[in-house]
Every structure is written in C-alpha cells, then in structure tokens.
>>> print(open('input-v9.cif').read())   # mmCIF, C-alpha atoms
data_structure
loop_
_atom_site.label_atom_id
_atom_site.label_comp_id
_atom_site.auth_asym_id
_atom_site.auth_seq_id
_atom_site.Cartn_x
_atom_site.Cartn_y
_atom_site.Cartn_z
CA ASN A 66 123.09 -65.99 -10.21
CA ALA A 67 120.12 -65.40 -7.97
CA GLY A 68 118.01 -63.61 -10.57
CA VAL A 69 115.80 -60.65 -9.72
CA MET A 70 115.01 -60.65 -6.02
CA GLN A 71 111.91 -58.97 -4.69
CA ASN A 72 110.87 -58.69 -1.09
CA PRO A 73 108.68 -59.05 0.68
CA ARG A 74 106.67 -61.65 -1.29
CA HIS A 75 103.50 -60.66 0.54
CA LEU A 76 102.77 -57.39 2.30
CA VAL A 77 99.67 -56.45 4.23
CA ARG A 78 99.07 -52.82 5.11
CA ARG A 79 96.19 -50.96 6.70
CA ARG A 80 94.71 -48.01 4.87
CA GLY A 81 96.86 -44.93 5.42
CA GLN A 82 100.08 -46.81 6.11
CA GLU A 83 103.18 -46.80 3.91
CA ALA A 84 104.31 -49.70 1.75
CA ARG A 85 107.93 -50.22 0.71
CA LEU A 86 108.71 -52.76 -1.96
CA ARG A 87 112.28 -53.75 -2.71
CA CYS A 88 113.93 -55.07 -5.83
CA SER A 89 117.50 -56.22 -6.38
CA PRO A 90 118.24 -56.62 -10.10
CA MET A 91 120.12 -59.49 -11.65
CA LYS A 92 123.88 -59.27 -11.40
CA GLY A 93 125.19 -57.16 -14.25
CA HIS A 94 121.82 -55.55 -14.97
CA SER A 95 121.62 -51.79 -14.55
CA HIS A 96 118.05 -51.09 -15.71
CA VAL A 97 115.09 -51.64 -13.40
CA TYR A 98 111.41 -51.47 -14.29
CA TRP A 99 108.36 -51.63 -12.05
CA TYR A 100 105.02 -52.97 -13.31
CA ARG A 101 101.69 -53.34 -11.54
CA GLN A 102 99.29 -56.20 -12.16
CA LEU A 103 95.73 -55.95 -10.94
CA PRO A 104 93.61 -59.12 -10.65
CA GLU A 105 92.61 -60.38 -14.11
CA GLU A 106 94.52 -57.54 -15.77
CA GLY A 107 97.76 -57.22 -17.66
CA LEU A 108 101.08 -55.71 -16.72
CA LYS A 109 100.92 -51.93 -16.46
CA PHE A 110 104.18 -50.02 -16.67
CA MET A 111 104.93 -47.73 -13.76
CA VAL A 112 108.54 -46.55 -13.82
CA TYR A 113 111.93 -47.20 -15.41
CA LEU A 114 115.10 -46.44 -13.49
CA GLN A 115 118.84 -46.66 -13.83
CA LYS A 116 121.25 -46.12 -10.96
CA GLU A 117 120.39 -42.75 -9.36
CA ASN A 118 118.21 -41.76 -12.34
CA ILE A 119 114.54 -41.98 -13.19
CA ILE A 120 114.36 -42.50 -16.95
CA ASP A 121 110.59 -42.79 -17.46
CA GLU A 122 107.93 -42.39 -14.80
CA SER A 123 105.02 -41.90 -17.15
CA GLY A 124 103.08 -44.77 -15.56
CA MET A 125 103.39 -43.62 -11.97
CA PRO A 126 100.37 -42.09 -10.28
CA LYS A 127 101.05 -38.43 -9.60
CA GLU A 128 100.51 -38.70 -5.86
CA ARG A 129 101.61 -41.08 -3.13
CA PHE A 130 103.91 -43.18 -5.36
CA SER A 131 107.66 -42.76 -5.68
CA ALA A 132 110.59 -44.88 -6.78
CA GLU A 133 114.32 -44.78 -6.43
CA PHE A 134 117.35 -46.82 -7.41
CA PRO A 135 120.27 -45.59 -5.32
CA LYS A 136 123.92 -46.04 -6.11
CA GLU A 137 124.12 -48.74 -3.48
CA GLY A 138 121.31 -51.10 -2.55
CA PRO A 139 118.04 -52.21 -4.09
CA SER A 140 115.45 -50.25 -5.99
CA ILE A 141 112.55 -49.16 -3.77
CA LEU A 142 108.95 -48.55 -4.79
CA ARG A 143 107.24 -46.54 -2.08
CA ILE A 144 103.52 -46.07 -1.70
CA GLN A 145 102.41 -43.59 0.93
CA GLN A 146 98.99 -43.54 2.58
CA VAL A 147 97.87 -46.73 0.87
CA VAL A 148 94.26 -47.20 -0.20
CA ARG A 149 92.36 -50.39 -1.05
CA GLY A 150 92.82 -49.71 -4.77
CA ASP A 151 96.57 -50.10 -4.36
CA SER A 152 96.09 -53.81 -3.68
CA ALA A 153 97.87 -55.57 -6.55
CA ALA A 154 100.92 -57.58 -7.49
CA TYR A 155 103.94 -55.38 -8.11
CA PHE A 156 106.62 -56.83 -10.35
CA CYS A 157 110.13 -55.65 -10.84
CA ALA A 158 112.15 -56.51 -13.93
CA SER A 159 115.75 -55.83 -14.84
CA SER A 160 117.65 -55.80 -18.11
CA PRO A 161 121.27 -55.56 -19.25
CA PRO A 162 122.92 -52.17 -19.84
CA SER A 163 123.28 -52.62 -23.58
CA THR A 164 120.70 -50.74 -25.66
CA THR A 165 120.43 -53.69 -28.03
CA SER A 166 119.27 -55.96 -25.23
CA SER A 167 117.49 -53.50 -22.98
CA GLY A 168 114.15 -55.06 -23.90
CA ASN A 169 115.20 -58.46 -22.62
CA TYR A 170 113.62 -58.46 -19.18
CA THR A 171 114.06 -60.81 -16.29
CA PHE A 172 111.20 -60.56 -13.82
CA GLY A 173 111.17 -61.10 -10.10
CA SER A 174 108.48 -63.15 -8.36
CA GLY A 175 106.58 -60.04 -7.36
CA THR A 176 105.27 -58.51 -4.17
CA ARG A 177 101.60 -59.02 -3.49
CA LEU A 178 100.29 -56.01 -1.62
CA THR A 179 97.01 -56.28 0.22
CA VAL A 180 95.50 -53.18 1.78
CA VAL A 181 92.97 -53.88 4.51
CA GLY B 133 103.41 -44.40 -27.27
CA GLU B 134 103.23 -48.06 -28.15
CA ASN B 135 99.93 -49.92 -27.86
CA VAL B 136 99.82 -53.71 -27.92
CA GLU B 137 96.54 -55.54 -28.36
CA GLN B 138 96.23 -59.23 -27.64
CA HIS B 139 93.51 -61.79 -28.22
CA PRO B 140 91.85 -63.95 -27.20
CA SER B 141 91.76 -63.11 -23.51
CA THR B 142 90.95 -66.72 -22.64
CA LEU B 143 91.57 -69.90 -24.58
CA SER B 144 90.67 -73.49 -23.77
CA VAL B 145 92.07 -76.36 -25.80
CA GLN B 146 92.14 -80.12 -25.48
CA GLU B 147 95.45 -81.67 -24.61
CA GLY B 148 97.35 -82.39 -27.81
CA ASP B 149 95.66 -79.66 -29.81
CA SER B 150 97.34 -76.45 -30.94
CA ALA B 151 96.90 -73.00 -29.43
CA VAL B 152 97.37 -69.69 -31.21
CA ILE B 153 97.56 -66.26 -29.59
CA LYS B 154 97.62 -63.13 -31.72
CA CYS B 155 98.91 -59.63 -31.07
CA THR B 156 99.10 -56.35 -32.92
CA TYR B 157 101.25 -53.33 -32.18
CA SER B 158 101.06 -49.71 -33.18
CA ASP B 159 104.61 -48.32 -33.17
CA SER B 160 106.39 -49.08 -36.43
CA ALA B 161 109.69 -48.47 -34.62
CA SER B 162 109.19 -51.58 -32.47
CA ASN B 163 111.77 -54.19 -33.38
CA TYR B 164 111.80 -56.73 -30.55
CA PHE B 165 108.83 -58.91 -29.61
CA PRO B 166 109.15 -61.15 -26.55
CA TRP B 167 106.55 -63.58 -25.20
CA TYR B 168 106.20 -64.30 -21.49
CA LYS B 169 104.50 -67.12 -19.61
CA GLN B 170 103.14 -66.45 -16.15
CA GLU B 171 102.19 -69.34 -13.93
CA LEU B 172 99.93 -68.84 -10.94
CA GLY B 173 101.63 -66.91 -8.16
CA LYS B 174 104.83 -66.37 -10.11
CA GLY B 175 106.49 -63.66 -12.15
CA PRO B 176 106.41 -63.69 -15.96
CA GLN B 177 109.14 -65.72 -17.64
CA LEU B 178 110.47 -65.18 -21.12
CA ILE B 179 109.72 -68.21 -23.30
CA ILE B 180 110.58 -67.02 -26.79
CA ASP B 181 111.30 -63.79 -28.63
CA ILE B 182 111.67 -62.56 -32.17
CA ARG B 183 113.39 -59.59 -33.75
CA SER B 184 112.12 -57.63 -36.70
CA ASN B 185 114.70 -58.98 -39.12
CA VAL B 186 113.19 -62.46 -38.73
CA GLY B 187 109.75 -63.66 -39.85
CA GLU B 188 109.50 -66.85 -37.86
CA LYS B 189 111.28 -68.56 -34.98
CA LYS B 190 110.72 -71.99 -33.50
CA ASP B 191 111.76 -73.64 -30.26
CA GLN B 192 110.47 -77.19 -29.85
CA ARG B 193 106.68 -76.94 -29.48
CA ILE B 194 106.47 -73.16 -29.57
CA ALA B 195 106.87 -70.86 -32.53
CA VAL B 196 106.41 -67.16 -33.16
CA THR B 197 105.65 -65.42 -36.42
CA LEU B 198 106.01 -61.74 -37.23
CA ASN B 199 104.45 -59.70 -40.00
CA LYS B 200 106.05 -56.26 -39.81
CA THR B 201 103.99 -54.85 -42.65
CA ALA B 202 100.73 -55.66 -40.91
CA LYS B 203 102.20 -55.15 -37.41
CA HIS B 204 101.01 -58.57 -36.34
CA PHE B 205 102.79 -61.27 -34.39
CA SER B 206 101.57 -64.60 -33.08
CA LEU B 207 102.49 -67.39 -30.70
CA HIS B 208 101.81 -70.97 -31.72
CA ILE B 209 101.94 -73.86 -29.26
CA THR B 210 101.62 -77.34 -30.74
CA GLU B 211 100.81 -80.61 -28.98
CA THR B 212 99.65 -78.73 -25.89
CA GLN B 213 100.14 -80.29 -22.48
CA PRO B 214 98.47 -79.50 -19.13
CA GLU B 215 101.66 -77.79 -17.95
CA ASP B 216 101.21 -75.24 -20.75
CA SER B 217 98.24 -73.86 -18.79
CA ALA B 218 99.21 -70.31 -17.78
CA VAL B 219 98.77 -66.69 -18.75
CA TYR B 220 100.74 -65.67 -21.83
CA PHE B 221 101.75 -62.08 -22.55
CA CYS B 222 102.99 -60.67 -25.81
CA ALA B 223 105.10 -57.52 -25.75
CA ALA B 224 106.82 -55.01 -28.00
CA HIS B 225 109.98 -52.96 -27.58
CA SER B 226 111.31 -50.21 -29.81
CA GLY B 227 114.93 -50.47 -28.76
CA GLY B 228 117.23 -48.15 -26.94
CA TYR B 229 116.19 -46.99 -23.51
CA GLN B 230 112.50 -47.61 -23.97
CA LYS B 231 110.14 -49.65 -21.83
CA VAL B 232 108.55 -52.87 -22.99
CA THR B 233 104.79 -52.59 -23.58
CA PHE B 234 102.72 -55.67 -22.79
CA GLY B 235 99.46 -57.01 -24.12
CA ILE B 236 96.57 -57.72 -21.77
CA GLY B 237 97.43 -61.42 -21.52
CA THR B 238 95.77 -64.67 -22.63
CA LYS B 239 94.73 -67.22 -20.05
CA LEU B 240 95.35 -70.61 -21.65
CA GLN B 241 93.72 -73.70 -20.21
CA VAL B 242 94.74 -77.09 -21.53
CA ILE B 243 92.12 -79.69 -20.71
CA PRO B 244 93.51 -83.19 -20.08
#
>>> encode(input="input-v9.cif", output="structure tokens")
Amino acid sequence: NAGVMQNPRHLVRRRGQEARLRCSPMKGHSHVYWYRQLPEEGLKFMVYLQKENIIDESGMPKERFSAEFPKEGPSILRIQQVVRGDSAAYFCASSPPSTTSSGNYTFGSGTRLTVV
Amino acid sequence: GENVEQHPSTLSVQEGDSAVIKCTYSDSASNYFPWYKQELGKGPQLIIDIRSNVGEKKDQRIAVTLNKTAKHFSLHITETQPEDSAVYFCAAHSGGYQKVTFGIGTKLQVIP
C-alpha cells in the first residue's frame, strides 16, 4: 500500500502561471481533503471531495483556486495566475468511506509551491 | 464551525523530561480527537487518537486525555527523546462527512 501520493514534491512557478497539484488517495479511501500550510502556521482546510463531488469548499479562495476528483485518476488542485502569496506547502489527506472513520486521515508528503 | 485552540506554540524541554500540549475545542458535537506529528519536510502523521467515550488513552510514552465537559484534551509525552522534536497538531472531528479542524501546532524541541 503506497499511501497517499502527492506530486510534484516541489513546484516552482512564475507569477501569473498555473499550478497543478496532484493527489492519489490511499487504496480503498474515497474521501480527499486539501490543506494549505503557510510557513510557521497551522493546517488550513481548503476543500473536501469525494469522487466527482465537492462536499465542502468553504476554505477555498473564491478566485483562481479550483479542485476536482474525477471518477478516474487523481484529485487535482489547480491554482490559476499564481501570486507570491500562494507560496506554501499543500497537503492532501484521504480517509476511508465509512462515516465512523472519516476523520481518520492519512496525509501525503505535500507539494511545496514556490512562486517567483 | 469548529474552532480548535492549541498551546503552547513552542515548547523546549530537556531530554528525559515530560512535555504537555493542551487544546480546547468549541463544537460539542466533536467526538474524535486525533494528534499528528509533523517532522521537517514531511506530511503530518497520526500518532494517537481518542474518542469521546474514553477519558484517557496511552501508547508507550505518549498519552492523551479528554475532558468532554470542559472541551479540553491534552497530549502527554514522557521521557522525551531528541527524535520527539517536531511540530504536533491536535485536531477535532464531529463525525459523518465533516472535515477535521486542526490546532495551530506546537513546535517541540527536545534538548539533548
């Protein structure tokens, strides 16, 4: 079991470019969550997805950010027209489908986005 | 929504001493409280968790306590070792299809 796989590990983008971050959940997990971690700060919730559905996007900025979890393939967090303030570590977590264990997260190693 | 407060934000202890990190939560519906350890450059890893029907849980040198009435929960690490140095996050979950809410994190430094 490979765990939660995120790629790339490091991503450098110039201001105005697009960033695409990928997350493959653990085998058997159907819930995916994206969190952002700024330097010296905690984990801020962004979005919660199940296959082909966005369940909670209350933490997503209203503009430039979007997320999807298609029927086939990884979950994608997309940031359009990146700005320096988007520089952060982005973590994906997944959890089992059962509601009694949906809080039991397994995290990936994160993607560290640097906007130059 | 849920709000989780965590303190202290930084903690330095001598090797062999104990470390205690405290958290409070706001949503009385929360019933699952995991703790994560994040080492430098890595993702958070679950180290211990507790459910609301339990007051205390222990796993070797780490223990968690939960006071549902006061909405407090704590992490205790005994006989600390340098490899315990990391950032520790508390979290709360209210069950069902809800997100986990994290505290701000505590940077623990164990001085050899």
>>> interface_residues(input="input-v9.cif", of="chain B", to="chain A", cutoff="9 Å", atoms="only C-alpha atoms", output="VMD selection string")
chain B and resid 164 to 166 173 to 178 181 221 224 to 237
>>> resolve_selection(input="input-v9.cif", expression="the PyMOL selection byres ((chain A and resi 142) around 8)", output="PDB file with C-alpha atoms, in the frame of the given file")
ATOM      1  CA  ARG A  85     107.930 -50.220   0.710  1.00  0.00           C
ATOM      2  CA  LEU A  86     108.710 -52.760  -1.960  1.00  0.00           C
ATOM      3  CA  ARG A  87     112.280 -53.750  -2.710  1.00  0.00           C
ATOM      4  CA  TRP A  99     108.360 -51.630 -12.050  1.00  0.00           C
ATOM      5  CA  PHE A 130     103.910 -43.180  -5.360  1.00  0.00           C
ATOM      6  CA  SER A 131     107.660 -42.760  -5.680  1.00  0.00           C
ATOM      7  CA  ALA A 132     110.590 -44.880  -6.780  1.00  0.00           C
ATOM      8  CA  GLU A 133     114.320 -44.780  -6.430  1.00  0.00           C
ATOM      9  CA  SER A 140     115.450 -50.250  -5.990  1.00  0.00           C
ATOM     10  CA  ILE A 141     112.550 -49.160  -3.770  1.00  0.00           C
ATOM     11  CA  ARG A 143     107.240 -46.540  -2.080  1.00  0.00           C
ATOM     12  CA  ILE A 144     103.520 -46.070  -1.700  1.00  0.00           C
TER      13      ILE A 144
END
>>> resolve_selection(input="input-v9.cif", expression="the PyMOL selection byres ((chain B and resi 197) around 7)", output="list in words")
Gly187, Glu188, Lys189, Ala195, Val196, Leu198, Asn199, Phe205, Ser206 and Leu207 of chain B
>>> write_last_selection(input="input-v9.cif", atoms="C-alpha atoms", output="mmCIF file, keeping the file's coordinate frame")
data_model
loop_
_atom_site.group_PDB
_atom_site.id
_atom_site.type_symbol
_atom_site.label_atom_id
_atom_site.label_comp_id
_atom_site.auth_asym_id
_atom_site.auth_seq_id
_atom_site.Cartn_x
_atom_site.Cartn_y
_atom_site.Cartn_z
ATOM 1 C CA GLY B 187 109.750 -63.660 -39.850
ATOM 2 C CA GLU B 188 109.500 -66.850 -37.860
ATOM 3 C CA LYS B 189 111.280 -68.560 -34.980
ATOM 4 C CA ALA B 195 106.870 -70.860 -32.530
ATOM 5 C CA VAL B 196 106.410 -67.160 -33.160
ATOM 6 C CA LEU B 198 106.010 -61.740 -37.230
ATOM 7 C CA ASN B 199 104.450 -59.700 -40.000
ATOM 8 C CA PHE B 205 102.790 -61.270 -34.390
ATOM 9 C CA SER B 206 101.570 -64.600 -33.080
ATOM 10 C CA LEU B 207 102.490 -67.390 -30.700
#
>>> residues_around(input="input-v9.cif", residues="A:Leu178", least_positions_apart="2", cutoff="6 Å", atoms="all atoms listed in the file", output="list in words")
Leu76, Val77, Ser152 and Ala153 of chain A
>>> atom_distance(input="input-v9.cif", atom1="atom CA of B:Thr238", atom2="atom CA of B:Ile194")
15.3 Å
>>> closest_residue(input="input-v9.cif", among="A:Gly150, A:Gly138, A:Gly81, A:Pro161", to="A:Arg101", atoms="all atoms listed in the file")
A:Gly150
>>> decode(input="input-v9.cif", residues="chain A", atoms="C-alpha atoms", output="compact mmCIF listing (two decimals), in the first residue's frame")
# COMPACT_ATOMS: atom_id res chain seq x y z
CA ASN A 66 0.00 0.00 0.00
CA ALA A 67 1.74 3.11 -1.24
CA GLY A 68 -0.15 5.53 0.99
CA VAL A 69 -1.24 8.96 -0.20
CA MET A 70 0.84 10.03 -3.16
CA GLN A 71 1.34 13.67 -4.00
CA ASN A 72 3.25 15.09 -6.90
CA PRO A 73 5.22 17.01 -7.62
CA ARG A 74 7.07 17.31 -4.28
CA HIS A 75 8.37 20.74 -5.26
CA LEU A 76 6.91 23.12 -7.82
CA VAL A 77 8.27 26.48 -8.88
CA ARG A 78 6.05 28.82 -10.86
CA ARG A 79 6.44 32.39 -12.06
CA ARG A 80 3.78 34.90 -11.13
CA GLY A 81 0.81 34.55 -13.48
CA GLN A 82 1.41 30.92 -14.36
CA GLU A 83 -0.82 28.00 -13.42
CA ALA A 84 0.00 25.39 -10.78
CA ARG A 85 -1.46 21.88 -10.81
CA LEU A 86 -1.04 19.72 -7.76
CA ARG A 87 -1.97 16.05 -7.84
CA CYS A 88 -3.06 13.66 -5.14
CA SER A 89 -3.76 9.94 -5.34
CA PRO A 90 -5.52 8.72 -2.18
CA MET A 91 -4.72 5.55 -0.32
CA LYS A 92 -6.18 2.40 -1.80
CA GLY A 93 -9.72 1.98 -0.55
CA HIS A 94 -10.08 5.62 0.51
CA SER A 95 -12.76 7.63 -1.24
CA HIS A 96 -12.54 10.96 0.61
CA VAL A 97 -9.88 13.51 -0.25
CA TYR A 98 -9.06 16.71 1.61
CA TRP A 99 -6.70 19.53 0.68
CA TYR A 100 -5.00 21.67 3.33
CA ARG A 101 -2.59 24.58 2.98
CA GLN A 102 0.26 25.24 5.36
CA LEU A 103 1.99 28.60 5.33
CA PRO A 104 5.43 28.96 6.96
CA GLU A 105 5.13 28.88 10.76
CA GLU A 106 1.36 28.40 10.51
CA GLY A 107 -1.03 25.53 11.01
CA LEU A 108 -3.01 23.45 8.58
CA LYS A 109 -5.81 25.42 6.95
CA PHE A 110 -8.64 23.47 5.38
CA MET A 111 -9.32 24.21 1.74
CA VAL A 112 -11.64 21.62 0.20
CA TYR A 113 -13.17 18.19 0.77
CA LEU A 114 -14.03 15.98 -2.18
CA GLN A 115 -15.42 12.58 -2.96
CA LYS A 116 -15.37 11.03 -6.42
CA GLU A 117 -16.92 13.55 -8.84
CA ASN A 118 -18.33 15.62 -5.96
CA ILE A 119 -17.19 18.63 -3.98
CA ILE A 120 -18.54 18.15 -0.46
CA ASP A 121 -17.15 21.25 1.27
CA GLU A 122 -15.17 24.04 -0.36
CA SER A 123 -15.61 26.58 2.40
CA GLY A 124 -11.84 27.05 2.73
CA MET A 125 -11.12 27.70 -0.92
CA PRO A 126 -10.37 31.24 -2.04
CA LYS A 127 -13.19 32.46 -4.24
CA GLU A 128 -10.96 33.19 -7.22
CA ARG A 129 -8.16 31.37 -9.02
CA PHE A 130 -8.45 28.13 -6.99
CA SER A 131 -10.35 25.03 -8.05
CA ALA A 132 -10.31 21.35 -7.19
CA GLU A 133 -11.62 18.17 -8.71
CA PHE A 134 -11.62 14.46 -8.01
CA PRO A 135 -12.67 12.71 -11.22
CA LYS A 136 -14.08 9.23 -11.50
CA GLU A 137 -10.74 8.04 -12.81
CA GLY A 138 -7.38 9.45 -11.82
CA PRO A 139 -6.01 11.62 -9.04
CA SER A 140 -7.51 14.62 -7.34
CA ILE A 141 -6.20 17.90 -8.77
CA LEU A 142 -5.83 21.23 -7.00
CA ARG A 143 -5.46 23.95 -9.59
CA ILE A 144 -4.25 27.47 -8.94
CA GLN A 145 -4.52 29.89 -11.83
CA GLN A 146 -2.47 33.07 -12.21
CA VAL A 147 -0.36 32.34 -9.15
CA VAL A 148 0.85 35.16 -6.90
CA ARG A 149 3.67 35.20 -4.34
CA GLY A 150 1.15 34.75 -1.52
CA ASP A 151 0.25 31.33 -2.90
CA SER A 152 3.69 30.05 -1.92
CA ALA A 153 3.02 27.36 0.70
CA ALA A 154 3.00 23.64 1.34
CA TYR A 155 -0.17 22.00 0.09
CA PHE A 156 -1.12 18.74 1.75
CA CYS A 157 -3.60 16.19 0.62
CA ALA A 158 -5.18 13.70 3.01
CA SER A 159 -7.52 10.79 2.41
CA SER A 160 -9.84 8.81 4.64
CA PRO A 161 -11.94 5.65 4.40
CA PRO A 162 -15.52 5.77 3.09
CA SER A 163 -17.12 4.86 6.40
CA THR A 164 -18.64 7.79 8.30
CA THR A 165 -17.36 6.38 11.57
CA SER A 166 -13.78 6.59 10.38
CA SER A 167 -13.96 9.55 8.03
CA GLY A 168 -11.92 11.63 10.47
CA ASN A 169 -9.01 9.21 10.34
CA TYR A 170 -6.74 10.95 7.86
CA THR A 171 -3.65 9.74 6.11
CA PHE A 172 -1.57 12.61 4.77
CA GLY A 173 0.67 12.75 1.75
CA SER A 174 4.14 14.30 1.88
CA GLY A 175 2.88 17.54 0.40
CA THR A 176 3.71 19.75 -2.55
CA ARG A 177 5.83 22.77 -1.79
CA LEU A 178 4.85 25.54 -4.17
CA THR A 179 7.19 28.47 -4.64
CA VAL A 180 6.06 31.43 -6.72
CA VAL A 181 8.89 33.58 -8.02
